[in-house]
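J.: This is query.cif (mmCIF, C-alpha atoms).
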```
data_work
#
loop_
_atom_site.label_atom_id
_atom_site.label_comp_id
_atom_site.auth_asym_id
_atom_site.auth_seq_id
_atom_site.Cartn_x
_atom_site.Cartn_y
_atom_site.Cartn_z
CA MET C 273 73.57 81.37 69.87
CA LEU C 274 73.01 84.10 67.34
CA LYS C 275 73.59 83.16 63.69
CA LEU C 276 72.76 85.99 61.28
CA LEU C 277 71.23 85.26 57.88
CA LEU C 278 71.19 88.44 55.79
CA ASN C 279 68.20 88.57 53.44
CA GLU C 280 68.79 89.23 49.75
CA GLU C 281 68.16 93.00 49.92
CA ILE C 282 71.23 93.36 52.17
CA ALA C 283 74.56 93.63 50.36
CA PRO C 284 76.57 90.38 50.68
CA SER C 285 79.58 92.59 51.46
CA VAL C 286 77.98 93.27 54.87
CA ALA C 287 78.45 89.60 55.82
CA ALA C 288 82.07 89.64 54.71
CA ALA C 289 82.76 92.88 56.60
CA LEU C 290 81.17 91.52 59.79
CA ARG C 291 83.33 88.39 59.61
CA ARG C 292 86.45 90.53 59.15
CA ARG C 293 85.49 92.74 62.08
CA GLU C 294 84.52 89.96 64.49
CA SER C 295 85.97 86.50 63.93
CA GLU C 296 83.46 84.85 66.29
CA ILE C 297 80.39 86.11 64.48
CA VAL C 298 78.40 83.57 62.48
CA VAL C 299 76.87 85.38 59.53
CA SER C 300 75.87 84.47 56.00
CA ALA C 301 74.33 86.35 53.10
CA LEU C 302 71.37 84.60 51.45
CA VAL C 303 73.29 84.34 48.17
CA GLU C 304 75.98 82.21 49.85
CA TRP C 305 73.82 80.38 52.42
CA GLU C 306 73.17 76.72 51.52
CA GLY C 307 75.07 77.22 48.28
CA GLY C 308 72.70 79.96 47.18
CA ASN C 309 69.87 77.45 46.86
CA PHE C 310 67.41 79.74 48.63
CA VAL C 311 67.80 82.70 46.31
CA GLY C 312 64.50 83.05 44.46
CA LYS C 313 62.63 81.04 47.07
CA ASP C 314 59.66 82.56 48.83
CA THR C 315 59.86 84.10 52.28
CA ALA C 316 58.13 81.22 54.06
CA GLU C 317 60.54 78.68 52.61
CA ILE C 318 63.56 80.72 53.69
CA LEU C 319 62.12 81.24 57.18
CA ARG C 320 61.32 77.53 57.50
CA GLU C 321 64.85 76.43 56.63
CA ALA C 322 66.33 79.19 58.82
CA ALA C 323 64.17 77.94 61.72
CA ASP C 324 65.29 74.33 61.18
CA GLN C 325 68.94 75.39 61.22
CA GLU C 326 68.46 78.04 63.96
CA TRP C 327 69.48 81.04 61.87
CA THR C 328 68.07 84.49 62.58
CA LEU C 329 66.92 86.41 59.50
CA VAL C 330 67.99 90.05 59.14
CA THR C 331 65.70 91.93 56.78
CA TYR C 332 64.26 95.27 55.69
CA ASP C 333 61.10 93.47 54.52
CA ARG C 334 58.22 94.40 56.80
CA LEU C 335 55.59 93.68 54.16
CA LYS C 336 56.01 89.96 53.42
CA VAL C 337 57.81 88.65 56.51
CA PRO C 338 55.54 89.80 59.40
CA PRO C 339 52.28 88.25 58.06
CA THR C 340 54.07 84.91 57.66
CA LEU C 341 55.46 85.07 61.21
CA LYS C 342 52.09 86.21 62.58
CA SER C 343 50.35 83.11 61.26
CA TRP C 344 53.22 80.91 62.52
CA THR C 345 52.94 82.51 65.97
CA GLU C 346 49.19 81.86 66.02
CA GLU C 347 49.81 78.24 65.01
CA GLU C 348 52.58 77.98 67.64
CA CYS C 349 55.17 77.20 64.97
CA LEU C 350 58.69 78.20 65.95
CA HIS C 351 61.01 80.39 63.90
CA GLY C 352 64.69 81.19 64.31
CA GLY C 353 64.17 84.84 65.19
CA VAL C 354 64.03 87.89 62.95
CA ILE C 355 65.78 91.26 63.07
CA PHE C 356 63.81 93.96 61.24
CA VAL C 357 65.99 96.86 60.16
CA ASP C 358 64.32 100.27 59.94
CA GLU C 359 65.39 101.88 56.66
CA LYS C 360 64.66 105.33 58.09
CA SER C 361 67.41 104.86 60.71
CA ILE C 362 69.74 102.64 58.70
CA PRO C 363 69.16 103.15 54.96
CA GLN C 364 70.08 100.18 52.73
CA ALA C 365 72.89 102.19 51.13
CA GLU C 366 74.50 102.89 54.52
CA THR C 367 76.17 99.51 54.77
CA THR C 368 78.84 100.76 57.19
CA MET C 369 76.08 101.84 59.58
CA LEU C 370 74.41 98.43 59.25
CA ILE C 371 77.70 96.62 59.87
CA SER C 372 78.23 98.61 63.10
CA ALA C 373 74.65 98.05 64.23
CA LEU C 374 74.75 94.29 63.61
CA ASN C 375 78.13 94.04 65.28
CA TRP C 376 76.60 95.74 68.32
CA VAL C 377 73.60 93.41 68.24
CA HIS C 378 75.99 90.48 68.18
CA GLN C 379 78.02 91.81 71.11
CA VAL C 380 74.92 92.26 73.26
CA THR C 381 72.76 89.31 72.21
CA ALA C 382 75.10 86.55 70.97
CA SER C 383 74.27 84.33 73.94
CA TRP C 384 70.50 84.90 73.81
CA GLU C 385 68.12 82.14 72.88
CA TRP C 386 66.85 83.51 69.56
CA THR C 387 63.97 81.15 68.85
CA ASN C 388 60.81 83.15 68.10
CA ARG C 389 62.42 86.50 68.93
CA ALA C 390 61.62 89.59 66.89
CA LEU C 391 63.87 92.59 67.18
CA TRP C 392 63.40 96.05 65.72
CA LEU C 393 66.74 97.58 64.85
CA GLY C 394 66.19 101.28 64.49
CA MET Y 154 48.49 94.32 41.21
CA ALA Y 155 46.09 97.21 40.52
CA LYS Y 156 43.19 96.63 38.19
CA ALA Y 157 42.68 98.89 35.18
CA ALA Y 158 40.01 101.54 35.84
CA VAL Y 159 38.40 101.23 32.41
CA SER Y 160 37.56 97.85 30.95
CA MET Y 161 36.13 96.28 27.81
CA VAL Y 162 34.53 92.90 27.34
CA ILE Y 163 36.34 90.33 25.20
CA SER Y 164 34.93 86.82 25.01
CA MET Y 165 37.30 83.89 24.65
CA ARG Y 166 36.91 80.19 24.07
CA LEU Y 167 38.65 77.94 26.60
CA SER Y 168 38.85 74.17 26.73
CA VAL Y 169 36.74 72.59 29.46
CA GLY Y 170 39.90 71.59 31.32
CA THR Y 171 41.33 75.11 31.19
CA ALA Y 172 38.03 76.62 32.33
CA LYS Y 173 37.94 74.25 35.32
CA ARG Y 174 41.52 75.15 36.25
CA LEU Y 175 40.68 78.85 35.94
CA ARG Y 176 37.66 78.42 38.22
CA ARG Y 177 39.78 76.56 40.80
CA LEU Y 178 42.41 79.31 40.74
CA ALA Y 179 39.72 81.99 41.06
CA ASN Y 180 38.17 80.19 44.05
CA ARG Y 181 41.58 79.97 45.73
CA TYR Y 182 41.96 83.77 45.67
CA GLY Y 183 38.29 84.64 46.15
CA TRP Y 184 38.11 86.13 42.62
CA THR Y 185 35.51 85.60 39.91
CA PRO Y 186 36.72 83.56 36.91
CA SER Y 187 36.46 86.78 34.89
CA ASP Y 188 38.72 88.63 37.37
CA ALA Y 189 41.16 85.74 37.43
CA SER Y 190 41.46 85.60 33.64
CA ALA Y 191 41.89 89.41 33.42
CA ARG Y 192 44.66 89.31 36.04
CA LEU Y 193 46.43 86.40 34.34
CA VAL Y 194 46.30 88.14 30.97
CA GLU Y 195 47.63 91.37 32.52
CA GLU Y 196 50.47 89.48 34.23
CA GLY Y 197 51.26 87.60 31.03
CA LEU Y 198 51.41 90.86 29.07
CA ARG Y 199 53.69 92.48 31.66
CA ARG Y 200 55.94 89.41 31.65
CA SER Y 201 56.24 89.61 27.90
CA GLU Y 202 56.71 93.40 27.84
CA PHE Y 203 59.24 93.76 30.69
CA ALA Y 204 62.53 91.89 31.00
CA PHE Y 205 63.28 89.94 34.21
CA ILE Y 206 59.73 90.39 35.60
CA ASP Y 207 57.81 87.57 37.20
CA PHE Y 208 54.82 87.42 39.55
CA ARG Y 209 54.72 85.58 42.84
CA ASP Y 210 52.28 84.93 45.67
CA THR Y 211 53.43 86.27 49.02
CA ALA Y 212 51.85 86.55 52.45
CA ALA Y 213 51.14 90.19 51.53
CA GLY Y 214 49.47 89.44 48.19
CA ARG Y 215 50.71 88.86 44.66
CA HIS Y 216 53.77 90.94 43.75
CA ALA Y 217 55.87 91.70 40.71
CA CYS Y 218 59.28 90.15 41.39
CA ILE Y 219 62.65 89.89 39.71
CA GLN Y 220 63.41 86.54 38.10
CA ALA Y 221 65.92 84.29 39.91
CA SER Y 222 65.67 86.49 42.99
CA SER Y 223 63.61 86.53 46.17
CA LEU Y 224 63.14 90.28 45.83
CA ALA Y 225 59.96 92.02 44.76
CA VAL Y 226 60.35 95.00 42.42
CA TRP Y 227 59.37 97.39 45.24
CA GLU Y 228 62.31 96.09 47.34
CA VAL Y 229 64.77 96.76 44.53
CA ILE Y 230 63.32 100.26 44.09
CA GLN Y 231 63.70 100.92 47.80
CA ILE Y 232 67.41 100.16 47.45
CA VAL Y 233 67.67 102.29 44.27
CA ARG Y 234 66.11 105.23 46.18
CA SER Y 235 68.47 104.64 49.08
CA TYR Y 236 71.31 105.14 46.55
CA LYS Y 237 69.52 108.26 45.25
CA GLY Y 238 68.65 106.64 41.94
CA ASP Y 239 72.14 105.29 41.23
CA VAL Y 240 71.52 102.07 39.28
CA ALA Y 241 75.21 101.11 39.14
CA ALA Y 242 75.59 101.42 42.92
CA THR Y 243 72.42 99.37 43.44
CA ALA Y 244 73.68 96.69 41.06
CA LYS Y 245 76.97 96.55 42.99
CA HIS Y 246 75.05 96.36 46.29
CA LEU Y 247 73.03 93.36 45.10
CA GLY Y 248 75.79 91.74 43.04
CA TRP Y 249 73.52 91.95 39.99
CA SER Y 250 74.00 93.23 36.46
CA GLN Y 251 72.94 96.85 35.92
CA VAL Y 252 70.49 95.62 33.28
CA LYS Y 253 68.55 93.68 35.88
CA VAL Y 254 68.26 96.70 38.19
CA GLN Y 255 67.33 98.90 35.23
CA ALA Y 256 64.54 96.43 34.38
CA ALA Y 257 63.10 96.94 37.88
CA VAL Y 258 63.35 100.72 37.43
CA HIS Y 259 61.50 100.57 34.10
CA TYR Y 260 58.76 98.42 35.60
CA ALA Y 261 58.42 100.82 38.54
CA GLU Y 262 58.15 103.77 36.15
CA ALA Y 263 55.35 102.03 34.25
CA PHE Y 264 53.46 100.97 37.37
CA ALA Y 265 54.49 103.69 39.79
CA SER Y 266 51.38 103.62 41.98
CA GLU Y 267 51.64 99.85 42.51
CA ILE Y 268 55.30 100.10 43.57
CA ASN Y 269 54.86 103.25 45.67
CA GLU Y 270 51.93 101.65 47.46
CA ALA Y 271 54.00 98.57 48.38
CA ILE Y 272 56.87 100.76 49.64
CA ALA Y 273 54.42 102.86 51.67
CA ASP Y 274 52.87 99.70 53.14
CA ASN Y 275 56.32 98.44 54.11
CA GLN Y 276 57.17 101.77 55.77
CA ALA Y 277 53.80 101.83 57.54
CA THR Y 278 54.74 98.68 59.41
CA ASP Y 279 56.55 100.56 62.16
CA ILE Y 280 57.50 99.26 65.59
CA ALA Y 281 53.93 99.72 66.89
CA ALA Y 282 52.36 97.86 63.96
CA LEU Y 283 55.00 95.15 64.24
CA LYS Y 284 54.28 94.69 67.96
CA ASN Y 285 50.58 94.28 67.15
CA MET Y 286 51.38 91.45 64.73
CA LEU Y 287 54.31 89.97 66.64
CA PRO Y 288 53.83 90.76 70.34
CA GLN Y 289 57.31 89.48 71.20
CA THR Y 290 58.98 92.33 69.24
CA VAL Y 291 61.49 94.40 71.19
CA GLU Y 292 63.25 97.56 70.11
CA PHE Y 293 67.03 97.59 69.92
CA LEU Y 294 68.83 100.86 69.42
CA PRO Y 295 72.34 100.60 68.06
CA LYS Y 296 75.15 102.11 70.08
CA LYS Y 297 75.76 105.65 68.94
CA PRO Y 298 79.36 106.48 68.05
CA ALA Y 299 81.12 108.31 70.86
CA SER Y 300 81.05 112.08 70.33
CA ARG Y 301 84.39 113.85 70.21
#
```
Would it be possible to restate this file's structure as structure tokens?

T.:
Amino acid sequence: MLKLLLNEEIAPSVAAALRRRESEIVVSALVEWEGGNFVGKDTAEILREAADQEWTLVTYDRLKVPPTLKSWTEEECLHGGVIFVDEKSIPQAETTMLISALNWVHQVTASWEWTNRALWLG
Amino acid sequence: MAKAAVSMVISMRLSVGTAKRLRRLANRYGWTPSDASARLVEEGLRRSEFAFIDFRDTAAGRHACIQASSLAVWEVIQIVRSYKGDVAATAKHLGWSQVKVQAAVHYAEAFASEINEAIADNQATDIAALKNMLPQTVEFLPKKPASR
């Protein structure tokens, strides 16, 4: 089951809007996830906890996240799946566009097994 | 963090314990003790000169970050640029004070090449590069709105 964890660079209002639009969607912004305890934590720590709880990270960060996942893949460590958003197709400021895109991802992939998946949303 | 192009030699006296710790840190990063001390001094100066700035190790190297946030300065600047330089809109987006976003902007103005390089590196990781690192990556194109 798809559970979306929106990384800190994504406006928390996106999570709220997705919940309003689709009551079945499970989505959380990093600032509210686990009581906000993971704000300020490094990428690997967030990914580790997300993997343990089977959350899929949604992020624009293609600098820090992929090297971490690459080494995990090589070590056969599992992660909860990651959705990389392309800022050229969906700029950070275009939150309405991101809400629609994530809603569509949810409609199509909600029943997928998300462990270790990587999806490019462009 | 970019190194200064021109340098001058300053000797300093460290306790034996501090020197050992410095050597251990240098070994961890593959730096010389001299490099390590220069970098630590530079980071310390930037921390003292710029509000809200901290430095953190990441899988992509050591980056200037915003205190009490997981975001590197370059990530904040990417959002600022997405809002065409509107600091207030960026602050609203992140749920931060404008002062905190402005601090990132000031840092990025002072160290423009460092921030632009990180943003360019992030953009360079396109679908092809991502598939090379994470072979399981698949492309997902959002549904286009129906045309009228």

J.: Using only C-alpha atoms, which residues of chain C come within 7 Å of chain Y, and what is the closest atom pair for each, with the distance in Å to one decimal? Give it as CSV, sorted by chain and residue number.

T.:
```
residue,atom,partner,partner_atom,distance
C:Glu280,CA,Y:Ser223,CA,6.9
C:Glu281,CA,Y:Leu247,CA,6.9
C:Ala283,CA,Y:His246,CA,4.9
C:Val311,CA,Y:Ser222,CA,5.5
C:Gly312,CA,Y:Ser222,CA,3.9
C:Lys313,CA,Y:Ser223,CA,5.6
C:Asp314,CA,Y:Ser223,CA,6.2
C:Asp333,CA,Y:Asn275,CA,6.9
C:Arg334,CA,Y:Asn275,CA,5.2
C:Leu335,CA,Y:Asn275,CA,4.8
C:Lys336,CA,Y:Ala213,CA,5.2
C:Pro338,CA,Y:Met286,CA,7.0
C:Pro339,CA,Y:Ala212,CA,5.9
C:Thr340,CA,Y:Ala212,CA,5.9
C:Lys342,CA,Y:Met286,CA,5.7
C:Pro363,CA,Y:Ser235,CA,6.1
C:Gln364,CA,Y:Ile232,CA,5.9
C:Ala365,CA,Y:Ser235,CA,5.5
C:Ala373,CA,Y:Pro295,CA,5.1
C:Trp376,CA,Y:Pro295,CA,6.5
C:Arg389,CA,Y:Gln289,CA,6.3
C:Ala390,CA,Y:Thr290,CA,4.5
C:Leu391,CA,Y:Val291,CA,5.0
C:Trp392,CA,Y:Glu292,CA,4.6
C:Leu393,CA,Y:Phe293,CA,5.1
C:Gly394,CA,Y:Leu294,CA,5.6
```

J.: Restricting it to C-alpha atoms, dump the selection as an mmCIF file, in the coordinates of the input.

T.:
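Ended up saving to out_30.cif:
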```cif
data_model
loop_
_atom_site.group_PDB
_atom_site.id
_atom_site.type_symbol
_atom_site.label_atom_id
_atom_site.label_comp_id
_atom_site.auth_asym_id
_atom_site.auth_seq_id
_atom_site.Cartn_x
_atom_site.Cartn_y
_atom_site.Cartn_z
ATOM 1 C CA GLU C 280 68.790 89.230 49.750
ATOM 2 C CA GLU C 281 68.160 93.000 49.920
ATOM 3 C CA ALA C 283 74.560 93.630 50.360
ATOM 4 C CA VAL C 311 67.800 82.700 46.310
ATOM 5 C CA GLY C 312 64.500 83.050 44.460
ATOM 6 C CA LYS C 313 62.630 81.040 47.070
ATOM 7 C CA ASP C 314 59.660 82.560 48.830
ATOM 8 C CA ASP C 333 61.100 93.470 54.520
ATOM 9 C CA ARG C 334 58.220 94.400 56.800
ATOM 10 C CA LEU C 335 55.590 93.680 54.160
ATOM 11 C CA LYS C 336 56.010 89.960 53.420
ATOM 12 C CA PRO C 338 55.540 89.800 59.400
ATOM 13 C CA PRO C 339 52.280 88.250 58.060
ATOM 14 C CA THR C 340 54.070 84.910 57.660
ATOM 15 C CA LYS C 342 52.090 86.210 62.580
ATOM 16 C CA PRO C 363 69.160 103.150 54.960
ATOM 17 C CA GLN C 364 70.080 100.180 52.730
ATOM 18 C CA ALA C 365 72.890 102.190 51.130
ATOM 19 C CA ALA C 373 74.650 98.050 64.230
ATOM 20 C CA TRP C 376 76.600 95.740 68.320
ATOM 21 C CA ARG C 389 62.420 86.500 68.930
ATOM 22 C CA ALA C 390 61.620 89.590 66.890
ATOM 23 C CA LEU C 391 63.870 92.590 67.180
ATOM 24 C CA TRP C 392 63.400 96.050 65.720
ATOM 25 C CA LEU C 393 66.740 97.580 64.850
ATOM 26 C CA GLY C 394 66.190 101.280 64.490
#
```

J.: Calculate how many Å separate atom CA of Y:Tyr260 from atom CA of Y:Val240, rounding to one decimal.

T.: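 The value is 13.8 Å.
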
J.: Specify as a list in words each residue included when the PyMOL selection byres ((chain Y and resi 187-194) around 9) is applied to this file.

T.: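 Expected selection for the PyMOL selection byres ((chain Y and resi 187-194) around 9) here is Met154, Lys156, Leu175, Arg176, Leu178, Ala179, Tyr182, Trp184, Thr185, Pro186, Glu195, Glu196, Gly197, Leu198 and Arg199 of chain Y.
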
J.: I'd like the contact shell of C:Glu306 - 12 Å cut-off, all atoms listed in the file, skipping same-chain residues fewer than 5 positions apart - returned as a list in words.

T.: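 That gives Leu277, Ser300, Ala301, Val311, Ile318, Glu321, Ala322, Gln325 and Trp327 of chain C.
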
J.: Could you list, as a list in words, every residue matched by the PyMOL selection byres ((chain C and resi 296) around 12) in this structure?

T.: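 Listing what the PyMOL selection byres ((chain C and resi 296) around 12) selects in the shown file: Met273, Leu274, Lys275, Leu276, Leu290, Arg291, Arg292, Arg293, Glu294, Ser295, Ile297, Val298, Val299, Asn375, His378, Gln379, Ala382 and Ser383 of chain C.
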
J.: Between atom CA of C:Pro284 and atom CA of Y:Ala263, measure the distance and give it in Å to one decimal.

T.: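 Separation between atom CA of C:Pro284 and atom CA of Y:Ala263: 29.3 Å.
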